[in-house]
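Asker: Just one file: structure-v7.txt, with compact mmCIF, C-alpha atoms.
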```
# COMPACT_ATOMS: atom_id res chain seq x y z
CA PRO X 21 0.39 2.14 -3.25
CA PRO X 22 -1.85 5.22 -3.29
CA SER X 23 0.23 6.99 -0.61
CA VAL X 24 3.86 6.77 0.43
CA VAL X 25 5.44 8.11 3.62
CA LEU X 26 8.63 10.03 2.82
CA THR X 27 11.41 10.06 5.39
CA GLY X 28 14.44 12.21 6.04
CA PHE X 29 18.01 10.97 6.31
CA GLY X 30 17.45 10.00 9.96
CA GLY X 31 14.45 7.86 9.07
CA ALA X 32 11.81 10.16 10.57
CA ALA X 33 8.66 10.74 8.52
CA THR X 34 8.67 14.16 6.84
CA ALA X 35 5.91 14.11 4.22
CA ILE X 36 3.23 12.03 2.54
CA LEU X 37 3.20 11.58 -1.21
CA GLN X 38 -0.09 10.66 -2.80
CA THR X 39 1.11 8.86 -5.90
CA ALA X 40 -1.70 10.41 -7.96
CA ALA X 41 0.06 13.74 -7.39
CA LEU X 42 2.91 12.50 -9.57
CA ARG X 43 0.47 12.42 -12.49
CA SER X 44 -0.31 16.09 -11.87
CA ILE X 45 3.21 17.17 -12.80
CA PRO X 46 3.04 18.98 -16.15
CA PRO X 47 4.92 17.16 -18.93
CA GLU X 48 7.39 20.02 -19.31
CA ARG X 49 8.32 19.68 -15.59
CA VAL X 50 8.65 15.89 -15.34
CA ASP X 51 12.42 16.01 -15.81
CA THR X 52 12.98 18.76 -13.24
CA ALA X 53 10.24 18.41 -10.59
CA SER X 54 11.16 16.77 -7.30
CA VAL X 55 9.00 14.35 -5.38
CA ARG X 56 9.05 16.73 -2.41
CA GLU X 57 7.44 19.44 -4.55
CA VAL X 58 4.24 17.41 -4.84
CA ALA X 59 4.39 15.77 -1.41
CA ILE X 60 2.40 17.09 1.54
CA PRO X 61 4.58 18.11 4.51
CA LEU X 62 3.74 15.99 7.54
CA ALA X 63 2.98 19.11 9.57
CA ARG X 64 -0.05 19.66 7.28
CA VAL X 65 -1.36 16.08 7.55
CA PRO X 66 -3.84 15.34 10.35
CA ALA X 67 -2.87 12.42 12.60
CA VAL X 68 -5.46 10.06 14.05
CA SER X 69 -5.48 6.84 16.02
CA PRO X 70 -6.66 3.60 14.41
CA ASP X 71 -9.59 3.58 16.84
CA MET X 72 -11.08 6.81 15.46
CA MET X 73 -14.18 6.39 13.35
CA ALA X 74 -13.39 6.80 9.64
CA ARG X 75 -15.91 9.60 9.12
CA ALA X 76 -14.46 11.61 12.02
CA ALA X 77 -10.94 11.04 10.71
CA LEU X 78 -11.82 12.18 7.21
CA GLU X 79 -13.52 15.31 8.55
CA ARG X 80 -10.02 16.43 9.56
CA GLY X 81 -8.87 16.39 5.95
CA VAL X 82 -7.37 14.05 3.38
CA PRO X 83 -4.93 12.40 3.57
CA VAL X 84 -4.92 11.37 7.22
CA ALA X 85 -1.95 9.67 8.88
CA VAL X 86 -2.88 6.78 11.15
CA VAL X 87 -0.46 6.86 14.07
CA VAL X 88 0.35 4.37 16.85
CA ASP X 89 2.98 5.14 19.47
CA GLY X 90 4.26 8.07 17.42
CA GLN X 91 4.76 5.97 14.28
CA ILE X 92 2.75 6.22 11.06
CA VAL X 93 1.17 2.82 10.47
CA GLY X 94 -1.06 3.81 7.58
CA VAL X 95 -2.47 6.58 5.46
CA LEU X 96 -6.13 7.09 4.69
CA GLY X 97 -6.71 8.97 1.46
CA LEU X 98 -9.31 9.38 -1.25
CA ASP X 99 -8.41 6.08 -2.95
CA GLU X 100 -9.12 4.16 0.27
CA VAL X 101 -12.44 5.98 0.68
CA ARG X 102 -13.40 5.12 -2.90
CA ARG X 103 -12.51 1.45 -2.40
CA ALA X 104 -14.50 1.31 0.84
CA ALA X 105 -17.49 2.73 -1.05
CA GLY X 106 -17.11 0.06 -3.73
CA ARG X 107 -15.85 2.49 -6.35
CA PRO X 108 -12.63 2.21 -8.34
CA ALA X 109 -9.64 4.18 -7.10
CA ALA X 110 -8.52 7.12 -9.23
```
Let me see the structure of the file written as structure tokens.
Answerer:
Amino acid sequence: PPSVVLTGFGGAATAILQTAALRSIPPERVDTASVREVAIPLARVPAVSPDMMARAALERGVPVAVVVDGQIVGVLGLDEVRRAAGRPAA
């Protein structure tokens, strides 16, 4: 998947990892870099409802967490925007 929600030991969401970010790790750091280093802390990810218009949601930033009743039910990122536009994902 293009984005993965990372959770803490208690199961609460803590960050979003865009899997393309893993490819950005320099080869000399692959053996020592942690997933959390390239993940985006949840506090920096805008949250929107599934009823919000896509354009308005994306104006808040990318990625965007789609939230229902306090739970992340999806993530809208650049790959999803590209697919919606009929372009291949990165």
Asker: Measure the distance from CA of Leu26 in chain X to CA of Ser54 in chain X in Å and round it to one decimal.
Answerer: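 Separation between CA of Leu26 in chain X and CA of Ser54 in chain X: 12.4 Å.
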Asker: With distances taken over only C-alpha atoms, which of X:Ser69, X:Val55, X:Arg64, X:Ala74 is nearest to Val88 in chain X?
Answerer: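 Looking at the shortest contact to Val88 in chain X, the residue is X:Ser69.
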Asker: Given the choices X:Leu96, X:Ile45, X:Val58, X:Ala35, which gets closest to Pro21 in chain X if the distance is worked out from all atoms listed in the file?
Answerer: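 Looking at the shortest contact to Pro21 in chain X, the residue is X:Leu96.
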Asker: Could you check which of X:Val25, X:Ala77, X:Val86, X:Ala41 is closest to Glu57 in chain X, using only C-alpha atoms?
Answerer: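 Looking at the shortest contact to Glu57 in chain X, the residue is X:Ala41.
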Asker: State, in Å with one decimal place, the distance from CA of Val87 in chain X to CA of Glu100 in chain X.
Answerer: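 These two atoms are separated by 16.5 Å.
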Asker: Any idea what the distance is between CA of Leu37 in chain X and CA of Val101 in chain X?
Answerer: 16.7 Å
Asker: For Gly90 in chain X, which of X:Ala33, X:Met72, X:Val65, X:Ala53 is the closest residue, counting all atoms listed in the file?
Answerer: X:Ala33
Asker: Which residue gives the smallest distance to Val24 in chain X among X:Pro47, X:Arg102, X:Ala59, X:Arg80, with only C-alpha atoms counted?
Answerer: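 For Val24 in chain X, the nearest of the given residues is X:Ala59.
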Asker: X:Glu48, X:Pro66, X:Gly81, X:Ile60: which is nearest Ser23 in chain X, counting all atoms listed in the file?
Answerer: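 Nearest candidate to Ser23 in chain X out of X:Glu48, X:Pro66, X:Gly81, X:Ile60: X:Ile60.
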Asker: List the neighbours of Asp89 in chain X out to 12 Å using only C-alpha atoms; skip same-chain residues closer than 4 positions along the sequence, and give me the result as JSON, numbers by chain.
Answerer: {"X": [67, 68, 69, 70, 93]}
Asker: Put the listed atoms of range 48-51 of chain X in a box along x, y and z with 6 Å added on every side and give me the centre and edge lengths in Å to one decimal, as lines of an AutoDock Vina configuration file.
Answerer:
```
center_x = 9.9
center_y = 18.0
center_z = -17.3
size_x = 17.0
size_y = 16.1
size_z = 16.0
```
